[in-house]
Every structure is written in structure tokens, then in C-alpha cells.
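Take a look at the structure below.
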There are 2 protein chains.
Amino acid sequence: MDTPAPYGHTPANCRAREILGRIGDKWSLYVIAQLSDGTKRFTALKREIDGISQRMLTVTLRGLERDGIVSRTMYPVMPPRVDYALTPLGRTLLEAVSFLTSWAEEHVEEIEATRARYDTRVEEFSALD
Amino acid sequence: MDTPAPYGHTPANCRAREILGRIGDKWSLYVIAQLSDGTKRFTALKREIDGISQRMLTVTLRGLERDGIVSRTMYPVMPPRVDYALTPLGRTLLEAVSFLTSWAEEHVEEIEATRARYDTRVEEFSALD
DNA sequence: CGGGATCCACCGTGATACTG
DNA sequence: CAGTATCACGGTGGATCCCG
């Protein structure tokens, strides 16, 4: 418990960081996007999200469920059946995310150009050795 | 409810993920927030962002500079002086971030309550062993 | 003052195998 | 079908020392 002084609190952005930490990981955004058009089963999600492993889909869904962004409905049948869906809270998040998506859409070219220029400069600079 | 248009497999999510990867790391958001009220020097940023190491401030600033979100101005004087500021692109990002911040502000209590309930349930379930 | 270089601990992620 | 368990790996971030 006495971890030597964690990174101290930081004001209002702290919460935004926490949120970003939740949806900013490798898979959450894809899961949320796939659930934006309705309830889906585990396997359907796995099939639609290219490259995700069984484990990471489970881990991601658990995290989103924990924060009330995704709901999980289990049917005690054989074989097992589990449905996942966005909660009302999850759908409000969708709105915030689409704002970021729009920003990304609008500026992706500018960013990539800037990045390429930066990398070229660094490369040229390194060549001075 | 007026959720934004459903977005399925669109590459848009990839770009949004890339953006989240940029600002969703541990420190970028704090750096951006601190630069929102004007140009600042390295040491000033380090002083204002509680808990950040010299290394991580450098790394974070380089990343933001690479993507054209932050500008870096070096003065060849002794002792060295370097100014950092948000670029116009960086300031447009500020808008998107404040949207997420608002979302976090509005729902942080709900999320924390849900999270606490979830953890309690898991705890009780584990106690069944 | 504003870094760069190095070493290291942690943990998020992936691959694989097993299960109710 | 929908997971859990285990191991291995790489990247992120922290601590420290040094330099122009």
C-alpha cells in the first residue's frame, strides 16, 4: 500500500485521463464501434474485430462491463450463450468518441504529412555523423 | 436516442485509435492542458505537471511535436532556452479533448459507482471458494 | 537549462492449451 | 460457445548519471 509516492494527483484532466485510459487501449474502441449497431455475441464480435485474440476480447469486454459501458447477458444453456450490448452510458460515450473520430478524419492527412517531415528531418540530422 | 451514425468497419476507427494512442498515453493530455494557456518553457512544464520525470516530458513533447500538435522553439543561448506551444492543429485538438473531458466530468460518478458494484460482486463471487 | 544515454521494473498483449 | 490458465515477450515509463 505504501508505494513510494505515486504520480501525484492532477486536477480536472485526471478524470479525462482515466476515461482515455479506458477507451484508449488497443481494442476498446473497436469493441464499442462494433456494438454501436446492436447486441452481439462473443463469437460475432471476435469474427468482426480483425486480429483480436479470444483472451483480449474477454479482457476488453470485462473492463468495459466493469465501468458500465457494456452490458453482459448470460443464458444458462448448453452450449453457452452470452450477449453483449452498449449500455445507455456506453451510448453517450459513443457521442464523445465520434467527436474524436471526426477530428481524426479531418486532420489525419495533416498529421501524417507533419510526421513524415519530422522523420525526414531527424533522419537527415542523424546522417551528419 | 440520437446516437451518432453507426460506424462499422470503417477505417475511421483506426484513425481515431491512432489519435487515442497519441493523446491517450500517460502524460500527453497533461502537457496539452498545460500548454492551453500559452507558450511555456521546459522547466515550467516540468514544475506544473506533478510527478512527470524529465525523460517522460521530453519523450511526450517529442511525440506531440512529431505529429504537429506542439511546436518547439530553440534559442541558441547559454544557458539553453526552449519554448513549447500548441500549434493551430494542437488547438483544434483542444476542442475535441474538452468534449471528452466534459463527458468524463458528467459520468465519473456513475462510472465509479458501477465499478464499485462490479468489484463487490466479483469479490463476493470469489469468496464462494 | 534542457536535455541524452542507460538500465530496469512493470504490465499490457499475444500464443497456446485446457474446460464447463 | 465462451471462456480460464499459463507462459513469454516487447513497449512504456521511472531512476540515475552525464553533457553542451
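By order of appearance in the C-alpha cells: chains A, B, ..., then residues from 1 within every chain, and ligands from 1 in the order shown.
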
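For chain A, the residues no farther than 12 Å from chain C when using only C-alpha atoms (C1' of nucleotides) are Asp25, Lys26, Trp27, Gly51, Ile52, Ser53, Gln54, Arg55, Met56, Leu57, Val59, Thr60, Pro76, Val77, Met78, Pro79 and Pro80 of chain A.
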
If you run DSSP on the backbone here, which positions in chain A get strand (DSSP E)? Please write them as a PyMOL selection string.
chain A and resi 40-41+70-75+81-86

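All C-alpha atoms of chain B, paired in order with those of chain A and fitted by least squares, deviate by an RMSD of 7.3 Å.
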
Using only C-alpha atoms, find each residue in chain B having at least one atom no more than 8 Å away from chain A; report its shortest atom-to-atom pair and that distance in Å (one decimal), rows by chain then rising number, as JSON lines.
```
{"residue": "B:Thr3", "atom": "CA", "partner": "A:Glu95", "partner_atom": "CA", "distance": 6.2}
{"residue": "B:Pro4", "atom": "CA", "partner": "A:Glu95", "partner_atom": "CA", "distance": 6.0}
{"residue": "B:Pro6", "atom": "CA", "partner": "A:Ser36", "partner_atom": "CA", "distance": 5.8}
{"residue": "B:Tyr7", "atom": "CA", "partner": "A:Ala33", "partner_atom": "CA", "distance": 6.2}
{"residue": "B:Gly8", "atom": "CA", "partner": "A:Gln34", "partner_atom": "CA", "distance": 6.0}
{"residue": "B:His9", "atom": "CA", "partner": "A:Gln34", "partner_atom": "CA", "distance": 7.8}
{"residue": "B:Ala12", "atom": "CA", "partner": "A:Thr101", "partner_atom": "CA", "distance": 6.4}
{"residue": "B:Asn13", "atom": "CA", "partner": "A:Thr101", "partner_atom": "CA", "distance": 6.7}
{"residue": "B:Arg15", "atom": "CA", "partner": "A:Ala104", "partner_atom": "CA", "distance": 5.8}
{"residue": "B:Ala16", "atom": "CA", "partner": "A:Thr101", "partner_atom": "CA", "distance": 4.9}
{"residue": "B:Arg17", "atom": "CA", "partner": "A:Leu29", "partner_atom": "CA", "distance": 7.0}
{"residue": "B:Ile19", "atom": "CA", "partner": "A:Ala104", "partner_atom": "CA", "distance": 6.5}
{"residue": "B:Leu20", "atom": "CA", "partner": "A:Gly24", "partner_atom": "CA", "distance": 5.3}
{"residue": "B:Gly21", "atom": "CA", "partner": "A:Gly24", "partner_atom": "CA", "distance": 6.3}
{"residue": "B:Gly24", "atom": "CA", "partner": "A:Leu20", "partner_atom": "CA", "distance": 5.3}
{"residue": "B:Asp25", "atom": "CA", "partner": "A:Gly21", "partner_atom": "CA", "distance": 7.5}
{"residue": "B:Lys26", "atom": "CA", "partner": "A:Arg17", "partner_atom": "CA", "distance": 7.7}
{"residue": "B:Leu29", "atom": "CA", "partner": "A:Arg17", "partner_atom": "CA", "distance": 7.0}
{"residue": "B:Tyr30", "atom": "CA", "partner": "A:Asn13", "partner_atom": "CA", "distance": 6.8}
{"residue": "B:Ala33", "atom": "CA", "partner": "A:Asn13", "partner_atom": "CA", "distance": 7.7}
{"residue": "B:Ile49", "atom": "CA", "partner": "A:Thr10", "partner_atom": "CA", "distance": 7.6}
{"residue": "B:Asp50", "atom": "CA", "partner": "A:Gly8", "partner_atom": "CA", "distance": 5.9}
{"residue": "B:Gly51", "atom": "CA", "partner": "A:Tyr7", "partner_atom": "CA", "distance": 4.6}
{"residue": "B:Ile52", "atom": "CA", "partner": "A:Tyr7", "partner_atom": "CA", "distance": 7.3}
{"residue": "B:Arg66", "atom": "CA", "partner": "A:Arg115", "partner_atom": "CA", "distance": 5.2}
{"residue": "B:Asp67", "atom": "CA", "partner": "A:Arg115", "partner_atom": "CA", "distance": 5.1}
{"residue": "B:Gly68", "atom": "CA", "partner": "A:Thr114", "partner_atom": "CA", "distance": 5.8}
{"residue": "B:Leu93", "atom": "CA", "partner": "A:Trp103", "partner_atom": "CA", "distance": 7.3}
{"residue": "B:Ala96", "atom": "CA", "partner": "A:Leu100", "partner_atom": "CA", "distance": 5.8}
{"residue": "B:Val97", "atom": "CA", "partner": "A:Leu100", "partner_atom": "CA", "distance": 7.9}
{"residue": "B:Phe99", "atom": "CA", "partner": "A:Ala96", "partner_atom": "CA", "distance": 6.5}
{"residue": "B:Leu100", "atom": "CA", "partner": "A:Ala96", "partner_atom": "CA", "distance": 5.8}
{"residue": "B:Thr101", "atom": "CA", "partner": "A:Ala16", "partner_atom": "CA", "distance": 4.8}
{"residue": "B:Trp103", "atom": "CA", "partner": "A:Ala96", "partner_atom": "CA", "distance": 6.9}
{"residue": "B:Ala104", "atom": "CA", "partner": "A:Ala16", "partner_atom": "CA", "distance": 5.4}
{"residue": "B:Glu105", "atom": "CA", "partner": "A:Arg15", "partner_atom": "CA", "distance": 6.9}
{"residue": "B:Val108", "atom": "CA", "partner": "A:Arg15", "partner_atom": "CA", "distance": 7.1}
{"residue": "B:Ile111", "atom": "CA", "partner": "A:Asp67", "partner_atom": "CA", "distance": 5.2}
{"residue": "B:Glu112", "atom": "CA", "partner": "A:Asp67", "partner_atom": "CA", "distance": 7.2}
{"residue": "B:Thr114", "atom": "CA", "partner": "A:Gly68", "partner_atom": "CA", "distance": 5.8}
{"residue": "B:Arg115", "atom": "CA", "partner": "A:Asp67", "partner_atom": "CA", "distance": 5.1}
{"residue": "B:Tyr118", "atom": "CA", "partner": "A:Arg66", "partner_atom": "CA", "distance": 5.6}
{"residue": "B:Asp119", "atom": "CA", "partner": "A:Arg66", "partner_atom": "CA", "distance": 7.6}
```

Those of chain B in DSSP alpha helix (DSSP H), formatted as a PyMOL selection string
chain B and resi 12-23+28-35+42-48+54-66+88-126

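Those residues of chain D that fall within 12 Å of chain B when using only C-alpha atoms (C1' of nucleotides) read DT12, DG13, DG14, DA15, DT16 and DG20 of chain D.
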
I need the chosen residues saved as an mmCIF file, in the first residue's frame, with N, CA and C atoms (P, O5', C5', C4', C3', O3' and C1' of nucleotides).
```cif
data_model
loop_
_atom_site.group_PDB
_atom_site.id
_atom_site.type_symbol
_atom_site.label_atom_id
_atom_site.label_comp_id
_atom_site.auth_asym_id
_atom_site.auth_seq_id
_atom_site.Cartn_x
_atom_site.Cartn_y
_atom_site.Cartn_z
ATOM 1 P P DT D 12 5.846 2.158 -26.777
ATOM 2 O "O5'" DT D 12 5.538 2.473 -25.228
ATOM 3 C "C5'" DT D 12 4.405 1.882 -24.614
ATOM 4 C "C4'" DT D 12 4.384 2.209 -23.129
ATOM 5 C "C3'" DT D 12 4.813 3.638 -22.809
ATOM 6 O "O3'" DT D 12 3.958 4.146 -21.803
ATOM 7 C "C1'" DT D 12 6.173 2.122 -21.612
ATOM 8 P P DG D 13 3.926 5.721 -21.496
ATOM 9 O "O5'" DG D 13 4.684 5.785 -20.099
ATOM 10 C "C5'" DG D 13 4.245 4.971 -19.027
ATOM 11 C "C4'" DG D 13 5.319 4.834 -17.981
ATOM 12 C "C3'" DG D 13 5.946 6.164 -17.508
ATOM 13 O "O3'" DG D 13 5.917 6.182 -16.102
ATOM 14 C "C1'" DG D 13 7.634 4.600 -18.023
ATOM 15 P P DG D 14 6.268 7.454 -15.247
ATOM 16 O "O5'" DG D 14 7.527 6.966 -14.391
ATOM 17 C "C5'" DG D 14 7.370 5.904 -13.449
ATOM 18 C "C4'" DG D 14 8.712 5.552 -12.822
ATOM 19 C "C3'" DG D 14 9.492 6.762 -12.283
ATOM 20 O "O3'" DG D 14 10.021 6.431 -11.000
ATOM 21 C "C1'" DG D 14 10.823 5.564 -13.825
ATOM 22 P P DA D 15 10.801 7.552 -10.146
ATOM 23 O "O5'" DA D 15 12.315 7.086 -10.277
ATOM 24 C "C5'" DA D 15 12.660 5.714 -10.119
ATOM 25 C "C4'" DA D 15 14.180 5.552 -10.104
ATOM 26 C "C3'" DA D 15 14.938 6.767 -9.558
ATOM 27 O "O3'" DA D 15 15.999 6.318 -8.722
ATOM 28 C "C1'" DA D 15 15.595 6.342 -11.808
ATOM 29 P P DT D 16 16.905 7.410 -7.963
ATOM 30 O "O5'" DT D 16 18.211 7.466 -8.856
ATOM 31 C "C5'" DT D 16 18.738 6.259 -9.402
ATOM 32 C "C4'" DT D 16 19.814 6.564 -10.441
ATOM 33 C "C3'" DT D 16 20.686 7.790 -10.106
ATOM 34 O "O3'" DT D 16 22.030 7.378 -9.960
ATOM 35 C "C1'" DT D 16 20.028 7.757 -12.394
ATOM 36 P P DG D 20 30.039 17.446 -24.012
ATOM 37 O "O5'" DG D 20 29.328 18.588 -24.872
ATOM 38 C "C5'" DG D 20 28.159 18.361 -25.638
ATOM 39 C "C4'" DG D 20 27.387 19.673 -25.784
ATOM 40 C "C3'" DG D 20 28.266 20.907 -25.935
ATOM 41 O "O3'" DG D 20 27.653 21.803 -26.847
ATOM 42 C "C1'" DG D 20 26.915 21.138 -24.010
#
```

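The gap separating CA of Gly90 (chain A) from C1' of DG3 (chain D) is 23.4 Å, in Å to one decimal.
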
Please provide as an MDAnalysis selection string all residues within 6 Å of Ser71 (chain A), with the sequence filter that same-chain residues fewer than 3 positions apart are discarded (counting only C-alpha atoms (C1' of nucleotides)).
chainID A and resid 65 84:85 87

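What separates CA of Thr58 (chain A) from CA of Arg41 (chain A) is a distance of 11.8 Å.
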